[in-house]
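Asks: Okay, so here is structure_5.tsv, and as you'll see once you scroll down, it has TSV, C-alpha atoms.
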chain	number	residue	atom	x	y	z
A	21	MET	CA	5.81	7.29	30.61
A	22	SER	CA	9.37	7.03	29.33
A	23	ASP	CA	9.97	8.74	25.98
A	24	SER	CA	11.42	5.43	24.76
A	25	LEU	CA	8.08	3.64	25.22
A	26	LEU	CA	4.85	4.45	23.38
A	27	SER	CA	1.23	3.71	24.19
A	28	VAL	CA	-0.81	1.78	21.65
A	29	ARG	CA	-2.49	5.01	20.57
A	30	ALA	CA	0.83	6.85	20.17
A	31	ALA	CA	2.31	3.99	18.14
A	32	ALA	CA	-0.80	3.89	15.94
A	33	ASP	CA	-0.62	7.65	15.36
A	34	LEU	CA	3.07	7.46	14.50
A	35	LEU	CA	2.45	4.73	11.90
A	36	GLY	CA	-0.90	6.01	10.67
A	37	VAL	CA	-2.66	2.72	11.40
A	38	HIS	CA	-5.62	1.64	13.51
A	39	VAL	CA	-4.99	0.87	17.19
A	40	ASP	CA	-6.29	-2.67	16.62
A	41	THR	CA	-3.51	-3.18	14.07
A	42	ILE	CA	-0.90	-2.31	16.71
A	43	ARG	CA	-2.49	-4.73	19.17
A	44	ARG	CA	-2.53	-7.47	16.53
A	45	TRP	CA	1.12	-6.88	15.63
A	46	THR	CA	2.19	-7.09	19.29
A	47	ASP	CA	0.10	-10.24	19.81
A	48	GLU	CA	1.82	-11.84	16.82
A	49	GLY	CA	5.26	-10.73	17.98
A	50	ARG	CA	5.81	-8.46	15.00
A	51	LEU	CA	6.22	-5.50	17.35
A	52	PRO	CA	7.85	-5.98	20.77
A	53	GLU	CA	5.95	-4.84	23.82
A	54	THR	CA	6.18	-4.51	27.57
A	55	ARG	CA	3.32	-4.24	30.05
A	56	THR	CA	2.75	-1.69	32.78
A	57	PRO	CA	1.79	-2.88	36.28
A	58	GLY	CA	-1.79	-2.19	35.23
A	59	GLY	CA	-1.47	-4.44	32.16
A	60	HIS	CA	-1.28	-1.68	29.51
A	61	ARG	CA	0.87	-2.28	26.45
A	62	ARG	CA	3.96	-0.18	25.83
A	63	ILE	CA	5.88	-0.43	22.56
A	64	PRO	CA	9.53	0.64	22.16
A	65	ARG	CA	9.70	3.84	20.11
A	66	GLU	CA	12.76	2.52	18.25
A	67	ALA	CA	10.82	-0.49	16.92
A	68	VAL	CA	7.92	1.69	15.79
A	69	GLU	CA	10.20	4.19	14.06
A	70	ARG	CA	12.10	1.38	12.33
A	71	LEU	CA	8.85	0.00	10.93
A	72	ARG	CA	7.74	3.48	9.90
A	73	ASP	CA	10.99	4.26	8.12
A	74	THR	CA	11.42	0.97	6.27
A	75	GLY	CA	7.94	-0.48	5.83
A	76	ASP	CA	9.33	-3.74	7.25
A	77	ALA	CA	6.94	-5.47	9.66
A	78	GLY	CA	9.57	-6.58	12.13
A	79	THR	CA	10.78	-9.63	10.19
A	80	GLY	CA	14.39	-8.52	10.16
A	81	GLY	CA	14.46	-8.38	6.37
A	82	ALA	CA	15.74	-5.59	4.20
A	83	PRO	CA	13.44	-2.62	3.56
A	84	THR	CA	10.91	-3.40	0.87
A	85	THR	CA	9.49	0.05	0.24
A	86	ALA	CA	10.83	3.53	-0.21
A	87	PRO	CA	11.25	5.54	3.03
A	88	LEU	CA	7.88	6.56	4.39
A	89	PRO	CA	6.79	10.13	5.11
A	90	ASP	CA	7.56	11.45	8.57
A	91	ALA	CA	4.92	11.65	11.27
A	92	GLY	CA	3.05	14.92	11.06
A	93	ALA	CA	3.18	14.88	7.26
A	94	PRO	CA	0.19	16.19	5.28
A	95	ALA	CA	-2.90	13.95	5.32
A	96	ASP	CA	-2.27	12.58	1.83
A	97	GLN	CA	1.27	11.48	2.75
A	98	ALA	CA	0.12	10.06	6.08
A	99	TRP	CA	-2.52	8.06	4.22
A	100	ALA	CA	0.14	6.78	1.80
A	101	ARG	CA	2.34	5.76	4.73
A	102	HIS	CA	-0.53	3.78	6.21
A	103	ALA	CA	-1.26	2.12	2.86
A	104	LEU	CA	2.37	1.04	2.44
A	105	VAL	CA	2.62	-0.45	5.93
A	106	HIS	CA	-0.75	-2.14	5.56
A	107	ALA	CA	0.19	-3.67	2.19
A	108	ARG	CA	3.49	-4.98	3.57
A	109	TYR	CA	1.70	-6.53	6.54
A	110	GLU	CA	-0.92	-8.24	4.37
A	111	LEU	CA	1.74	-9.59	2.00
A	112	ASP	CA	3.78	-10.95	4.91
A	113	THR	CA	0.90	-12.60	6.77
A	114	GLN	CA	-1.28	-14.04	4.03
A	115	PRO	CA	-0.44	-17.35	2.33
A	116	ALA	CA	1.48	-16.78	-0.89
A	117	ALA	CA	-1.02	-16.29	-3.71
A	118	GLY	CA	-0.63	-17.98	-7.09
A	119	TRP	CA	0.39	-14.75	-8.75
A	120	ARG	CA	3.35	-14.48	-6.37
A	121	GLN	CA	4.39	-18.13	-6.44
A	122	SER	CA	4.68	-18.13	-10.24
A	123	MET	CA	7.19	-15.26	-10.33
A	124	THR	CA	10.97	-15.55	-10.14
A	125	ASP	CA	12.93	-13.49	-7.61
A	126	ALA	CA	13.95	-11.11	-10.40
A	127	ASP	CA	10.33	-10.78	-11.49
A	128	ARG	CA	9.26	-10.03	-7.94
A	129	GLU	CA	11.90	-7.33	-7.61
A	130	ARG	CA	10.77	-5.71	-10.87
A	131	SER	CA	7.18	-5.97	-9.69
A	132	ARG	CA	8.09	-4.28	-6.39
A	133	GLU	CA	9.89	-1.50	-8.25
A	134	ASN	CA	6.86	-0.95	-10.49
A	135	GLY	CA	4.67	-0.98	-7.41
A	136	ARG	CA	6.79	1.69	-5.73
A	137	ARG	CA	6.62	3.87	-8.84
A	138	LEU	CA	2.87	3.38	-9.15
A	139	MET	CA	2.45	4.28	-5.48
A	140	GLY	CA	4.44	7.44	-6.06
A	141	LEU	CA	2.15	8.36	-8.95
A	142	LEU	CA	-0.89	7.62	-6.81
A	143	LEU	CA	0.41	9.90	-4.06
A	144	GLN	CA	0.93	12.70	-6.60
A	145	HIS	CA	-2.58	12.09	-7.94
A	146	VAL	CA	-4.10	12.23	-4.45
A	147	ALA	CA	-2.13	15.39	-3.64
A	148	GLY	CA	-3.07	17.00	-6.97
A	149	THR	CA	0.57	17.65	-7.90
A	150	ILE	CA	0.64	15.88	-11.28
A	151	ASN	CA	-1.09	16.75	-14.53
A	152	GLU	CA	-3.48	14.00	-15.58
A	153	ASP	CA	-2.23	14.22	-19.18
A	154	ALA	CA	1.10	12.93	-17.84
A	155	LEU	CA	-0.33	10.69	-15.13
A	156	TRP	CA	-2.50	8.20	-17.00
A	157	PRO	CA	-0.05	7.28	-19.81
A	158	GLU	CA	2.63	6.50	-17.21
A	159	VAL	CA	0.18	4.45	-15.13
A	160	ARG	CA	-0.72	2.45	-18.24
A	161	ARG	CA	2.93	1.96	-19.19
A	162	LEU	CA	4.03	0.73	-15.76
A	163	THR	CA	1.01	-1.54	-15.46
A	164	ALA	CA	1.59	-2.97	-18.93
A	165	VAL	CA	5.20	-3.86	-18.03
A	166	TYR	CA	3.92	-5.78	-15.00
A	167	ALA	CA	1.04	-7.43	-16.88
A	168	VAL	CA	3.11	-8.52	-19.88
A	169	LYS	CA	5.69	-10.09	-17.56
A	170	MET	CA	2.92	-11.98	-15.76
A	171	ARG	CA	1.35	-13.04	-19.06
A	172	ASP	CA	4.65	-14.25	-20.50
A	173	ALA	CA	5.31	-16.24	-17.31
A	174	GLY	CA	2.10	-18.17	-18.01
A	175	ILE	CA	0.16	-16.57	-15.17
A	176	PRO	CA	-3.57	-16.54	-16.04
A	177	TYR	CA	-5.40	-13.27	-16.47
A	178	ALA	CA	-7.56	-13.97	-13.43
A	179	ALA	CA	-4.45	-14.35	-11.24
A	180	ALA	CA	-2.92	-11.11	-12.53
A	181	LEU	CA	-6.20	-9.32	-11.93
A	182	ARG	CA	-6.39	-10.82	-8.44
A	183	ALA	CA	-3.06	-9.16	-7.63
A	184	ALA	CA	-4.46	-5.77	-8.68
A	185	LEU	CA	-7.62	-6.39	-6.66
A	186	PHE	CA	-5.50	-7.24	-3.60
A	187	PHE	CA	-3.84	-3.83	-3.71
A	188	ARG	CA	-7.12	-2.10	-4.50
A	189	ASP	CA	-8.60	-3.63	-1.34
A	190	VAL	CA	-5.57	-2.56	0.71
A	191	LEU	CA	-5.91	1.01	-0.54
A	192	SER	CA	-9.65	1.02	0.12
A	193	GLU	CA	-9.14	-0.23	3.67
A	194	SER	CA	-6.53	2.45	4.22
A	195	THR	CA	-9.00	5.18	3.30
A	196	SER	CA	-11.32	3.77	5.99
A	197	PHE	CA	-8.67	3.52	8.72
A	198	TYR	CA	-7.14	6.91	7.91
A	199	PRO	CA	-10.05	9.15	6.92
A	200	ALA	CA	-9.30	12.59	5.53
A	201	SER	CA	-10.55	15.60	7.45
A	202	GLY	CA	-14.14	16.30	6.48
A	203	ALA	CA	-16.68	14.19	4.62
A	204	HIS	CA	-16.06	15.89	1.28
A	205	ALA	CA	-12.28	15.31	1.50
A	206	GLY	CA	-12.88	11.65	2.33
A	207	VAL	CA	-15.14	11.21	-0.69
A	208	GLU	CA	-12.58	12.93	-2.92
A	209	LEU	CA	-9.79	10.65	-1.66
A	210	THR	CA	-11.92	7.57	-2.33
A	211	ARG	CA	-12.80	8.84	-5.80
A	212	LYS	CA	-9.14	9.40	-6.71
A	213	VAL	CA	-8.06	5.99	-5.39
A	214	ASN	CA	-10.87	4.30	-7.31
A	215	ALA	CA	-10.01	6.14	-10.53
A	216	PHE	CA	-6.37	5.06	-10.20
A	217	THR	CA	-7.09	1.41	-9.46
A	218	ASN	CA	-9.70	1.30	-12.24
A	219	GLU	CA	-7.01	2.46	-14.65
A	220	VAL	CA	-4.64	-0.26	-13.47
A	221	GLN	CA	-7.27	-2.97	-13.94
A	222	LEU	CA	-8.14	-1.73	-17.43
A	223	ALA	CA	-4.47	-1.71	-18.41
A	224	ILE	CA	-4.05	-5.30	-17.20
A	225	ALA	CA	-7.07	-6.36	-19.26
A	226	GLU	CA	-5.62	-4.72	-22.37
A	227	ALA	CA	-2.21	-6.35	-21.87
A	228	TYR	CA	-3.93	-9.75	-21.74
A	229	GLY	CA	-6.05	-8.93	-24.77
A	230	VAL	CA	-9.30	-8.98	-22.81
A	231	GLY	CA	-11.63	-6.64	-24.67
A	232	GLY	CA	-10.50	-3.70	-26.77
A	233	PRO	CA	-8.84	-0.39	-25.91
A	234	VAL	CA	-10.92	1.94	-23.76
A	235	ASP	CA	-11.53	5.37	-25.23
A	236	GLY	CA	-12.25	8.61	-23.48
A	237	PRO	CA	-11.15	9.96	-20.09
A	238	ARG	CA	-9.95	6.72	-18.52
A	239	GLY	CA	-9.62	6.58	-14.77
A	240	GLN	CA	-13.17	7.85	-14.54
A	241	ALA	CA	-16.19	5.65	-14.01
When written as structure tokens, how does the structure in this file appear?
Replies:
Amino acid sequence: MSDSLLSVRAAADLLGVHVDTIRRWTDEGRLPETRTPGGHRRIPREAVERLRDTGDAGTGGAPTTAPLPDAGAPADQAWARHALVHARYELDTQPAAGWRQSMTDADRERSRENGRRLMGLLLQHVAGTINEDALWPEVRRLTAVYAVKMRDAGIPYAAALRAALFFRDVLSESTSFYPASGAHAGVELTRKVNAFTNEVQLAIAEAYGVGGPVDGPRGQA
């Protein structure tokens, strides 16, 4: 096989996604492909690396995420890479939700920036490289900025919460498609992702005035 062409498995490994995702992207034209005489798919390495490095799903648009970790990165970074690509794909292919339609272009850009910063905090949390005393206040602050903007734009609480649930589902699916090595590590990854997304949902509720402040070690069930 030419070094410029990748098998479905090699492309999936490079992006940190499931092989079925690669097949779906080629079927939809989001990744170019050629076929061998035997009918096997081959994907240009350049197209795969472009998607890996920008998070763009082949639409020709400008990059919408920070550069992704290189292939061969530690498991936590590889998982984050998969989550970013998966989120971009779901946002590009699903009909625009109410919480997106109600935002201006400037609001969307601020939301994306907050999302990138939250994802960076999540990666540090998963990798265990940030003190929780510093982590949770910053998660609450960034989430509150997003939630207040949504609230002031007249977006209902349920719609704002639905946005958080969308990303929670993307992160949960990513833990399934990119399992950590060993059962215990996989459980720990799931626990950390759940604690983080729980914190985000609680902060949205507080910004909308739903219930009172939550005391104690938030982020824990």
Asks: If you measure from atom CA of Tyr228 of chain A to atom CA of Asp153 of chain A, what distance in Å do you get, rounded to one decimal?
Replies: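 Spanning atom CA of Tyr228 of chain A to atom CA of Asp153 of chain A is a straight-line distance of 24.2 Å.
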Asks: Identify the residues within 12 Å of coordinate (-10.9, -0.3, -1.1) (same frame as the file), considering all atoms listed in the file, and give the answer as a ChimeraX atom specification.
Replies: /A:103,184-197,209-218
Asks: Write out as a list in words each polymer residue whose atoms come within 6 Å of segment 65-67 of chain A, counting all atoms listed in the file; drop sequence neighbours fewer than 6 positions from it.
Replies: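 That gives Ser24, Leu25 and Leu26 of chain A.
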Asks: Pick from A:Trp45, A:Leu35, A:Thr54, A:Ala100: nearest to Glu69 of chain A, with only C-alpha atoms counted?
Replies: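 Result for the nearest residue to Glu69 of chain A: A:Leu35.
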Asks: Leaving out Asp172 of chain A and any residue of its chain fewer than 3 positions from it, which residues lie within 12 Å of it when counting all atoms listed in the file, given as a PyMOL selection string?
Replies: chain A and resi 122-123+127+164-169+175-177+180+227-228
Asks: Calculate how many Å separate atom CA of Val159 of chain A from atom CA of Gly174 of chain A, rounding to one decimal.
Replies: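 Atom-to-atom, atom CA of Val159 of chain A and atom CA of Gly174 of chain A are spaced 22.9 Å apart.
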